[in-house]
>>> print(open('upload-v1.cif').read())   # mmCIF, C-alpha atoms and all ligand atoms
data_input
#
loop_
_atom_site.label_atom_id
_atom_site.label_comp_id
_atom_site.auth_asym_id
_atom_site.auth_seq_id
_atom_site.Cartn_x
_atom_site.Cartn_y
_atom_site.Cartn_z
CA MET A 1 96.15 90.47 -56.08
CA PRO A 2 93.01 88.75 -57.29
CA PHE A 3 91.43 86.46 -54.70
CA ARG A 4 90.37 82.93 -55.43
CA PRO A 5 87.09 81.70 -53.97
CA ARG A 6 87.61 79.33 -51.05
CA TYR A 7 87.32 75.69 -52.10
CA THR A 8 84.47 74.21 -50.08
CA GLY A 9 84.28 70.63 -51.24
CA LEU A 10 83.10 68.60 -54.16
CA ILE A 11 79.34 68.85 -53.65
CA GLU A 12 79.53 72.62 -53.93
CA ARG A 13 81.82 72.35 -56.94
CA TYR A 14 79.70 69.82 -58.82
CA ARG A 15 76.35 70.80 -57.36
CA ASP A 16 74.57 70.64 -60.72
CA ARG A 17 75.66 67.05 -61.22
CA LEU A 18 74.79 65.74 -57.77
CA PRO A 19 71.45 64.99 -56.12
CA VAL A 20 71.27 68.02 -53.80
CA ASN A 21 69.12 71.13 -53.81
CA ASP A 22 69.53 74.65 -52.47
CA ASP A 23 68.17 73.72 -49.04
CA THR A 24 70.41 70.72 -48.52
CA ARG A 25 72.80 71.12 -45.58
CA LEU A 26 76.15 70.03 -46.96
CA ILE A 27 78.33 67.90 -44.69
CA SER A 28 81.78 68.62 -46.05
CA LEU A 29 85.41 68.68 -44.97
CA GLY A 30 86.72 70.17 -48.20
CA GLU A 31 87.20 66.80 -49.90
CA GLY A 32 88.15 66.34 -53.56
CA ASN A 33 90.35 68.59 -55.68
CA THR A 34 93.27 66.20 -55.22
CA PRO A 35 96.52 66.48 -57.19
CA LEU A 36 97.04 64.67 -60.47
CA ILE A 37 100.79 64.15 -60.37
CA ARG A 38 102.74 63.29 -63.51
CA LEU A 39 105.40 60.68 -62.77
CA GLU A 40 108.80 61.81 -63.96
CA ASN A 41 111.18 59.02 -63.04
CA ILE A 42 109.25 55.76 -63.24
CA PRO A 43 108.52 55.97 -67.00
CA ASP A 44 112.28 56.33 -67.58
CA LEU A 45 112.98 53.35 -65.35
CA LEU A 46 110.46 51.36 -67.36
CA GLY A 47 112.15 52.52 -70.54
CA LYS A 48 108.79 53.35 -72.07
CA ASP A 49 107.32 56.42 -73.68
CA ILE A 50 104.25 56.84 -71.53
CA GLU A 51 102.39 59.76 -69.96
CA LEU A 52 101.81 58.31 -66.51
CA TYR A 53 99.86 60.14 -63.79
CA VAL A 54 98.80 59.29 -60.28
CA LYS A 55 95.63 60.76 -58.81
CA TYR A 56 96.65 61.17 -55.19
CA GLU A 57 93.43 60.48 -53.33
CA GLY A 58 95.38 60.02 -50.12
CA LEU A 59 95.26 63.82 -49.82
CA ASN A 60 91.56 63.84 -49.04
CA PRO A 61 90.64 65.01 -45.51
CA THR A 62 90.75 61.55 -43.89
CA GLY A 63 93.46 60.29 -46.22
CA SER A 64 91.44 58.27 -48.71
CA PHE A 65 89.04 58.49 -51.65
CA LYS A 66 86.21 57.41 -49.37
CA ASP A 67 85.65 61.04 -48.40
CA ARG A 68 84.27 61.78 -51.87
CA GLY A 69 81.51 59.28 -51.34
CA MET A 70 81.07 59.96 -47.66
CA THR A 71 80.33 63.67 -48.04
CA MET A 72 77.41 62.70 -50.29
CA ALA A 73 76.21 59.73 -48.25
CA VAL A 74 76.24 61.61 -44.94
CA THR A 75 74.74 64.75 -46.48
CA LYS A 76 71.83 62.66 -47.79
CA ALA A 77 71.49 60.65 -44.55
CA VAL A 78 71.18 63.90 -42.58
CA GLU A 79 68.76 65.33 -45.14
CA GLN A 80 66.61 62.26 -44.73
CA GLY A 81 66.59 62.65 -40.94
CA SER A 82 68.93 59.80 -40.06
CA GLN A 83 70.52 59.90 -36.61
CA ALA A 84 73.06 57.17 -37.22
CA ILE A 85 75.13 55.62 -39.96
CA ILE A 86 76.70 52.19 -40.15
CA CYS A 87 79.33 50.50 -42.30
CA ALA A 88 81.51 47.43 -42.55
CA SER A 89 85.05 48.36 -43.40
CA THR A 90 88.59 47.29 -44.03
CA GLY A 91 89.52 50.61 -42.42
CA ASN A 92 89.20 53.59 -44.72
CA THR A 93 85.42 53.67 -44.93
CA SER A 94 85.23 53.51 -41.15
CA ALA A 95 87.70 56.39 -40.78
CA SER A 96 85.74 58.49 -43.23
CA ALA A 97 82.31 57.58 -41.82
CA ALA A 98 83.54 58.41 -38.33
CA ALA A 99 84.83 61.83 -39.39
CA TYR A 100 81.78 62.89 -41.39
CA ALA A 101 79.39 61.63 -38.70
CA SER A 102 81.17 63.73 -36.10
CA ARG A 103 80.98 66.73 -38.41
CA ALA A 104 77.24 66.14 -38.83
CA GLY A 105 76.61 65.46 -35.15
CA ILE A 106 75.28 61.94 -35.65
CA THR A 107 76.52 58.52 -34.55
CA ALA A 108 78.70 56.20 -36.63
CA PHE A 109 78.78 52.46 -36.01
CA VAL A 110 81.71 50.79 -37.72
CA LEU A 111 82.28 47.05 -38.08
CA ILE A 112 85.88 46.12 -38.69
CA PRO A 113 87.70 42.79 -38.95
CA ASP A 114 89.45 42.25 -35.62
CA GLY A 115 93.20 42.75 -35.98
CA LYS A 116 93.08 43.17 -39.75
CA ILE A 117 92.97 46.90 -40.24
CA ALA A 118 95.94 49.23 -40.42
CA GLN A 119 96.83 51.19 -37.27
CA GLY A 120 96.25 54.65 -38.72
CA LYS A 121 92.70 53.78 -39.72
CA LEU A 122 91.86 52.38 -36.31
CA ALA A 123 93.27 55.53 -34.71
CA GLN A 124 91.00 57.66 -36.89
CA ALA A 125 87.82 55.76 -36.07
CA MET A 126 88.71 56.00 -32.39
CA MET A 127 89.57 59.71 -32.41
CA HIS A 128 86.38 60.70 -34.20
CA GLY A 129 84.30 58.99 -31.54
CA SER A 130 82.59 56.32 -33.57
CA VAL A 131 81.28 53.12 -32.00
CA ILE A 132 83.79 50.49 -33.09
CA ILE A 133 82.57 46.91 -33.34
CA GLN A 134 85.41 44.50 -34.04
CA ILE A 135 84.20 41.25 -35.48
CA LYS A 136 86.04 37.97 -35.31
CA GLY A 137 85.65 37.52 -39.03
CA ASN A 138 86.48 39.27 -42.29
CA PHE A 139 85.06 42.25 -44.18
CA ASP A 140 82.61 40.15 -46.19
CA GLU A 141 81.03 38.76 -43.02
CA GLY A 142 80.83 42.27 -41.58
CA MET A 143 79.12 43.51 -44.74
CA GLN A 144 76.52 40.76 -44.52
CA LEU A 145 75.78 41.67 -40.90
CA VAL A 146 75.46 45.36 -41.74
CA LYS A 147 72.92 44.63 -44.45
CA GLU A 148 70.90 42.47 -42.09
CA VAL A 149 70.96 44.83 -39.13
CA ALA A 150 69.96 47.84 -41.25
CA GLU A 151 66.67 46.08 -41.97
CA HIS A 152 65.86 46.13 -38.26
CA ALA A 153 67.61 49.16 -36.79
CA PRO A 154 67.27 52.90 -37.65
CA VAL A 155 70.68 53.23 -39.23
CA THR A 156 71.73 54.30 -42.74
CA ILE A 157 74.29 52.12 -44.50
CA VAL A 158 77.18 54.18 -45.89
CA ASN A 159 79.06 51.41 -47.67
CA SER A 160 79.26 51.79 -51.43
CA ILE A 161 75.96 49.92 -51.87
CA ASN A 162 74.55 53.31 -50.85
CA PRO A 163 74.09 54.90 -54.31
CA PHE A 164 75.03 58.36 -53.04
CA ARG A 165 78.54 57.08 -52.33
CA LEU A 166 79.14 56.37 -56.02
CA GLN A 167 77.66 59.72 -56.98
CA GLY A 168 80.25 61.48 -54.83
CA GLN A 169 83.10 59.30 -56.03
CA LYS A 170 82.34 59.89 -59.71
CA THR A 171 83.70 63.44 -59.28
CA ALA A 172 87.28 62.12 -59.35
CA ALA A 173 86.75 61.33 -63.04
CA PHE A 174 85.41 64.87 -63.61
CA GLU A 175 88.55 66.37 -62.10
CA ILE A 176 90.82 64.22 -64.26
CA VAL A 177 89.01 65.12 -67.49
CA GLU A 178 89.05 68.81 -66.57
CA GLU A 179 92.78 68.78 -65.86
CA LEU A 180 93.88 66.74 -68.85
CA GLY A 181 91.38 68.37 -71.19
CA ARG A 182 90.46 64.84 -72.25
CA ALA A 183 89.89 61.43 -70.73
CA PRO A 184 93.03 59.33 -70.26
CA ASP A 185 93.50 56.33 -72.54
CA TYR A 186 93.66 54.01 -69.54
CA HIS A 187 92.47 54.41 -65.98
CA CYS A 188 93.88 51.87 -63.52
CA LEU A 189 92.40 51.27 -60.07
CA PRO A 190 92.81 48.86 -57.19
CA VAL A 191 89.61 46.83 -56.83
CA GLY A 192 88.03 45.53 -53.64
CA ASN A 193 84.27 45.95 -53.51
CA ALA A 194 84.49 47.50 -56.99
CA GLY A 195 82.50 50.59 -56.03
CA ASN A 196 85.23 53.00 -57.04
CA ILE A 197 85.85 51.62 -60.52
CA THR A 198 82.08 51.76 -61.06
CA ALA A 199 81.90 55.34 -59.79
CA HIS A 200 84.72 56.47 -62.08
CA TRP A 201 82.97 54.96 -65.07
CA ILE A 202 79.78 56.83 -64.17
CA GLY A 203 81.81 60.03 -64.08
CA TYR A 204 83.55 59.39 -67.40
CA CYS A 205 80.24 58.53 -69.04
CA GLU A 206 78.64 61.73 -67.80
CA TYR A 207 81.54 63.76 -69.14
CA SER A 208 81.64 62.18 -72.59
CA ASN A 209 79.49 61.89 -75.63
CA GLY A 210 80.56 58.36 -76.37
CA GLY A 211 83.03 59.03 -79.12
CA ASP A 212 84.94 55.98 -80.17
CA LYS A 213 83.24 53.81 -77.58
CA PRO A 214 79.51 54.11 -78.14
CA ILE A 215 77.47 54.09 -74.98
CA THR A 216 75.12 51.18 -75.10
CA GLU A 217 73.40 51.54 -71.76
CA ALA A 218 73.87 55.16 -70.84
CA CYS A 219 72.85 56.05 -67.32
CA ALA A 220 72.13 52.47 -66.33
CA PHE A 221 73.78 53.14 -62.98
CA CYS A 222 71.69 56.13 -62.07
CA ALA A 223 68.53 55.05 -63.82
CA GLY A 224 65.40 56.17 -62.08
CA GLU A 225 67.09 58.57 -59.71
CA GLY A 226 66.48 61.49 -61.97
CA HIS A 227 69.74 63.32 -61.38
CA CYS A 228 72.01 62.13 -64.15
CA ARG A 229 72.70 64.96 -66.55
CA PHE A 230 74.50 62.67 -68.93
CA ALA A 231 72.88 63.89 -72.12
CA SER A 232 73.70 67.53 -71.51
CA GLY A 233 77.05 66.94 -69.92
CA ALA A 234 79.20 65.82 -72.82
CA ILE A 235 82.46 67.73 -72.75
CA VAL A 236 84.92 65.27 -74.31
CA SER A 237 84.53 62.68 -76.99
CA GLN A 238 86.29 59.68 -75.49
CA ARG A 239 86.23 57.50 -72.40
CA PRO A 240 89.12 55.51 -70.96
CA THR A 241 89.73 51.80 -70.94
CA MET A 242 89.12 50.84 -67.32
CA VAL A 243 91.58 48.42 -65.74
CA GLY A 244 91.06 46.88 -62.31
CA TYR A 245 93.84 45.22 -60.33
CA GLN A 246 93.29 42.99 -57.34
CA ALA A 247 95.63 41.42 -54.81
CA ALA A 248 96.35 37.85 -55.87
CA GLY A 249 95.04 36.35 -52.63
CA SER A 250 91.78 38.34 -52.87
CA ALA A 251 90.98 38.23 -56.56
CA PRO A 252 87.40 37.17 -57.28
CA PHE A 253 87.32 39.13 -60.56
CA ILE A 254 90.29 37.17 -61.85
CA GLN A 255 89.05 33.87 -60.49
CA GLY A 256 85.60 34.56 -61.93
CA SER A 257 83.84 33.69 -58.69
CA MET A 258 83.65 34.78 -55.04
CA VAL A 259 86.59 34.02 -52.74
CA ASP A 260 85.78 32.83 -49.23
CA ASN A 261 89.04 33.37 -47.38
CA PRO A 262 90.73 36.40 -48.95
CA GLU A 263 94.26 37.22 -47.83
CA THR A 264 96.72 39.97 -48.74
CA VAL A 265 99.15 42.40 -47.16
CA ALA A 266 96.97 45.11 -48.75
CA THR A 267 94.33 44.82 -46.03
CA ALA A 268 92.17 47.58 -47.55
CA ILE A 269 91.30 45.27 -50.44
CA ARG A 270 91.11 42.01 -48.50
CA ILE A 271 87.65 41.37 -49.91
CA GLY A 272 86.34 38.17 -51.47
CA HIS A 273 82.70 39.03 -52.12
CA PRO A 274 82.61 42.38 -53.97
CA GLN A 275 79.35 44.25 -53.55
CA SER A 276 79.52 45.89 -57.00
CA TRP A 277 80.21 42.60 -58.82
CA ASP A 278 77.71 43.06 -61.67
CA TYR A 279 78.42 46.76 -62.12
CA ALA A 280 82.16 46.19 -62.39
CA TRP A 281 81.78 43.51 -65.07
CA LYS A 282 79.64 45.95 -66.97
CA VAL A 283 82.35 48.61 -66.68
CA GLN A 284 84.93 46.12 -67.94
CA LYS A 285 82.75 45.21 -70.91
CA GLU A 286 81.66 48.70 -71.85
CA SER A 287 85.14 50.19 -71.59
CA GLY A 288 86.93 47.30 -73.24
CA GLY A 289 89.08 46.92 -70.12
CA TRP A 290 90.31 44.01 -68.04
CA PHE A 291 90.99 42.73 -64.53
CA ASP A 292 94.26 41.26 -63.39
CA ALA A 293 95.97 40.29 -60.15
CA CYS A 294 99.20 41.45 -58.50
CA SER A 295 101.13 39.49 -55.91
CA ASP A 296 101.81 41.01 -52.50
CA GLU A 297 105.47 41.28 -53.50
CA GLU A 298 104.62 43.29 -56.62
CA ILE A 299 102.31 45.55 -54.61
CA LEU A 300 104.92 46.33 -51.96
CA LYS A 301 107.60 46.82 -54.60
CA ALA A 302 105.44 49.38 -56.42
CA GLN A 303 104.62 51.16 -53.16
CA LYS A 304 108.30 51.46 -52.31
CA MET A 305 109.30 52.47 -55.83
CA LEU A 306 106.72 55.24 -55.89
CA ALA A 307 107.87 56.54 -52.53
CA GLU A 308 111.59 56.31 -53.34
CA LYS A 309 111.58 57.45 -56.97
CA GLU A 310 108.72 59.97 -57.05
CA GLY A 311 108.22 61.16 -53.46
CA VAL A 312 104.65 59.92 -53.30
CA PHE A 313 103.63 57.76 -50.34
CA CYS A 314 100.50 55.65 -50.70
CA GLU A 315 99.20 52.70 -48.76
CA PRO A 316 99.79 49.15 -50.05
CA ALA A 317 96.30 48.65 -51.57
CA SER A 318 96.70 51.87 -53.53
CA ALA A 319 99.98 50.72 -55.04
CA THR A 320 98.14 47.81 -56.66
CA SER A 321 97.01 50.12 -59.46
CA LEU A 322 100.58 51.16 -60.21
CA ALA A 323 101.97 47.64 -59.82
CA GLY A 324 99.53 46.34 -62.40
CA ALA A 325 99.96 49.31 -64.72
CA MET A 326 103.75 49.04 -64.69
CA ARG A 327 103.49 45.37 -65.62
CA ASP A 328 101.03 46.04 -68.44
CA ILE A 329 103.09 48.97 -69.74
CA GLN A 330 106.14 46.76 -69.75
CA ASN A 331 104.43 43.88 -71.56
CA GLY A 332 102.82 46.22 -74.09
CA LYS A 333 99.22 45.56 -73.13
CA ILE A 334 99.11 49.28 -72.36
CA ALA A 335 100.53 50.74 -75.55
CA GLU A 336 103.44 53.19 -75.67
CA GLY A 337 102.34 56.75 -76.30
CA SER A 338 99.28 56.31 -74.05
CA THR A 339 98.09 58.58 -71.29
CA VAL A 340 97.54 56.52 -68.15
CA VAL A 341 96.06 57.50 -64.78
CA CYS A 342 96.53 55.31 -61.71
CA THR A 343 94.37 56.11 -58.72
CA LEU A 344 96.23 56.09 -55.41
CA THR A 345 93.30 55.46 -53.14
CA GLY A 346 94.83 56.03 -49.70
CA HIS A 347 97.75 57.74 -47.97
CA GLY A 348 100.84 55.80 -46.94
CA LEU A 349 100.58 57.03 -43.35
CA LYS A 350 97.46 54.92 -42.94
CA ASP A 351 99.65 51.84 -42.55
CA PRO A 352 102.98 52.77 -40.93
CA ASP A 353 103.68 49.22 -39.75
CA THR A 354 103.82 47.73 -43.24
CA ALA A 355 105.93 50.64 -44.45
CA ILE A 356 108.50 50.38 -41.68
CA LYS A 357 108.65 46.60 -41.99
CA GLN A 358 109.59 46.68 -45.67
CA SER A 359 111.83 49.76 -45.65
CA THR A 360 115.49 49.30 -46.50
CA SER A 361 116.46 52.88 -45.72
CA PRO A 362 119.55 53.17 -43.52
CA LEU A 363 118.35 53.77 -39.96
CA LEU A 364 121.47 54.82 -38.09
CA THR A 365 121.84 55.47 -34.40
CA ILE A 366 124.86 57.51 -33.36
CA GLU A 367 126.31 59.43 -30.45
CA PRO A 368 125.53 63.17 -30.70
CA ARG A 369 128.99 64.01 -32.11
CA LEU A 370 130.06 65.85 -35.26
CA ASP A 371 132.50 63.16 -36.40
CA GLN A 372 129.78 60.54 -36.25
CA VAL A 373 127.34 62.59 -38.33
CA LYS A 374 130.11 63.30 -40.86
CA LYS A 375 130.93 59.61 -41.06
CA ALA A 376 127.26 58.76 -41.61
CA ILE A 377 127.06 61.29 -44.45
CA GLU A 378 130.27 60.10 -46.10
CA GLU A 379 129.26 56.48 -45.98
CA ASN A 380 125.82 57.08 -47.37
CA MET A 381 126.32 59.80 -49.97
CA ALA A 382 124.80 58.69 -53.26
CA GLY A 383 127.23 58.18 -56.13
N1 LIG A 401 92.02 51.16 -51.96
C1 LIG A 401 91.80 51.45 -50.68
C2 LIG A 401 92.88 52.19 -49.94
C3 LIG A 401 90.59 51.08 -50.05
O1 LIG A 401 90.39 51.39 -48.78
C4 LIG A 401 89.62 50.38 -50.80
C5 LIG A 401 88.38 49.95 -50.18
C6 LIG A 401 89.90 50.12 -52.16
C7 LIG A 401 91.11 50.52 -52.70
C8 LIG A 401 88.95 49.40 -53.04
O2 LIG A 401 87.90 50.21 -53.44
O3 LIG A 401 86.07 48.75 -52.70
O4 LIG A 401 85.64 50.65 -54.21
O5 LIG A 401 86.86 48.64 -55.02
N2 LIG A 401 88.17 50.02 -48.95
C9 LIG A 401 86.89 49.72 -48.29
C10 LIG A 401 86.92 50.13 -46.84
C11 LIG A 401 86.35 48.39 -48.55
O6 LIG A 401 86.18 49.56 -46.04
O7 LIG A 401 87.66 51.03 -46.50
P1 LIG A 401 86.53 49.54 -53.88
#
>>> encode(input="upload-v1.cif", output="structure tokens")
Amino acid sequence: MPFRPRYTGLIERYRDRLPVNDDTRLISLGEGNTPLIRLENIPDLLGKDIELYVKYEGLNPTGSFKDRGMTMAVTKAVEQGSQAIICASTGNTSASAAAYASRAGITAFVLIPDGKIAQGKLAQAMMHGSVIIQIKGNFDEGMQLVKEVAEHAPVTIVNSINPFRLQGQKTAAFEIVEELGRAPDYHCLPVGNAGNITAHWIGYCEYSNGGDKPITEACAFCAGEGHCRFASGAIVSQRPTMVGYQAAGSAPFIQGSMVDNPETVATAIRIGHPQSWDYAWKVQKESGGWFDACSDEEILKAQKMLAEKEGVFCEPASATSLAGAMRDIQNGKIAEGSTVVCTLTGHGLKDPDTAIKQSTSPLLTIEPRLDQVKKAIEENMAG
């Protein structure tokens, strides 16, 4: 039997496209290489001829796409001699920062909005031994504080304003192009800070030669850093239309201006002042894409539908990409015959409370007797 080399993470895999050298100590937990799952039942339910995929980023080591960026950010922080990292977070960044810091043997300080992060994420930050600072405010206020404190204290910011984060996250686009043998026609993502949609666009640009959408400002994102191999990296001719969906109560890109008191059940994207504001507008313009909002009801409905009809469990924020895509497939904005990828940014287990609260699955309690189990089966057999 031929042996396959052990997968050791995305930096190793895409070493020639990332800012590392042979001496760099890689801080990795085997992140990346996540499944691109073709949906089999939802397109039928929509009654549309569509090739619809989900990129299940919830299967990264800490259960979210943040690990792609964190392996790079922490690797570079360690390379540069940093002893501590810091982030503001709606939960997933803090979980990831905590895990990679423990792997590296450095300290992670995480600022989270008090009472507004999902249980699973809090558990992760606590288990990995980070210093958890709960603030009586929201993510945007935490982000502001992090930026200010990093000017005075010897800590490296690992939010997505750290350019190495986006470099790591761009690899998700590489994986998709490699698996499909082309770029999808549409790539749909949930948008909070807008780092991930920006990172994907960087990846798609590096892997294309422009094709039908000429690149006007190639490499603008990595300008000056000297590691973008865009010119030599063209492997496909097209790039996708990028579509960003926000939760209706936290939708600065749809409103066209910052939102001061964001609210949504999708706490991961409860963000009113996106850090990658300018970048994301550029992505929208260059790709010919759009932003739109989904209500909390639509988000939860998509999350449940995906879990019930396809067996894929993502957290509420992640389902925003699918909620929006389903709507735009239905209304024809996303044309029939298209290939569409929706990123599922985080695992459903991150937020068990919201899942249990909205579930309508029969939850039966019986005496431990055969007749009672038989009755439960008879009464609940489908069809
Ligand atoms: N989905 C999930 C599950 C997230 O955790 C986030 C961001 C996003 C989508 C949005 O990605 O910010 O790049 O547009 N979570 C950050 C955090 C803010 O702190 O965990 P984005």
>>> residues_near_ligand(input="upload-v1.cif", ligand="ligand LIG 401 (chain A)", cutoff="6 Å", atoms="only C-alpha atoms and all ligand atoms", output="JSON, numbers by chain")
{"A": [89, 90, 91, 92, 93, 190, 191, 192, 193, 194, 195, 196, 268, 269, 317, 318, 345, 346]}
>>> closest_residue(input="upload-v1.cif", among="A:Ala319, A:Ile86, A:Cys314, A:Leu370", to="A:His347", atoms="all atoms listed in the file")
A:Cys314
>>> closest_atom_pairs(input="upload-v1.cif", of="stretch 142-205 of chain A", to="stretch 240-255 of chain A", cutoff="8 Å", atoms="all atoms listed in the file", output="Markdown table")
| residue | atom | partner | partner_atom | distance |
| --- | --- | --- | --- | --- |
| A:Ala183 | CA | A:Pro240 | CA | 6.0 |
| A:Pro184 | CA | A:Pro240 | CA | 5.5 |
| A:Asp185 | CA | A:Pro240 | CA | 4.7 |
| A:Tyr186 | CA | A:Thr241 | CA | 4.7 |
| A:His187 | CA | A:Met242 | CA | 5.1 |
| A:Cys188 | CA | A:Val243 | CA | 4.7 |
| A:Leu189 | CA | A:Gly244 | CA | 5.1 |
| A:Pro190 | CA | A:Tyr245 | CA | 4.9 |
| A:Val191 | CA | A:Gln246 | CA | 5.3 |
| A:Gly192 | CA | A:Gln246 | CA | 6.9 |
| A:Ile197 | CA | A:Gly244 | CA | 7.3 |
| A:Trp201 | CA | A:Met242 | CA | 7.7 |
| A:Tyr204 | CA | A:Pro240 | CA | 7.7 |
>>> residues_around(input="upload-v1.cif", residues="stretch 106-121 of chain A", least_positions_apart="3", cutoff="8 Å", atoms="only C-alpha atoms", output="PyMOL selection string")
chain A and resi 83-92+94-95+97-98+101-103+124-125+130-139+142+146+267-268+349-353
>>> residues_around(input="upload-v1.cif", residues="A:Glu297", least_positions_apart="5", cutoff="10 Å", atoms="all atoms listed in the file", output="list in words")
Ala247, Val265, Ala302, Gln303 and Ala323 of chain A
>>> decode(input="upload-v1.cif", residues="stretch 289-312 of chain A", atoms="C-alpha atoms", output="CSV table (one decimal), in the first residue's frame")
chain,number,residue,atom,x,y,z
A,289,GLY,CA,-20.1,41.2,-6.2
A,290,TRP,CA,-22.5,42.6,-3.6
A,291,PHE,CA,-23.4,42.8,0.1
A,292,ASP,CA,-26.8,41.9,1.5
A,293,ALA,CA,-28.4,41.3,4.9
A,294,CYS,CA,-30.2,38.3,6.4
A,295,SER,CA,-32.6,38.4,9.3
A,296,ASP,CA,-31.9,36.3,12.4
A,297,GLU,CA,-34.9,34.2,11.4
A,298,GLU,CA,-33.4,33.5,8.0
A,299,ILE,CA,-30.0,32.7,9.5
A,300,LEU,CA,-31.4,30.2,12.0
A,301,LYS,CA,-33.7,28.6,9.4
A,302,ALA,CA,-30.6,28.0,7.1
A,303,GLN,CA,-28.6,26.6,10.0
A,304,LYS,CA,-31.4,24.1,10.8
A,305,MET,CA,-32.0,23.2,7.2
A,306,LEU,CA,-28.4,22.5,6.6
A,307,ALA,CA,-28.2,20.3,9.7
A,308,GLU,CA,-31.5,18.5,9.0
A,309,LYS,CA,-31.2,18.1,5.2
A,310,GLU,CA,-27.5,17.7,4.6
A,311,GLY,CA,-26.0,16.5,7.9
A,312,VAL,CA,-23.8,19.5,8.3
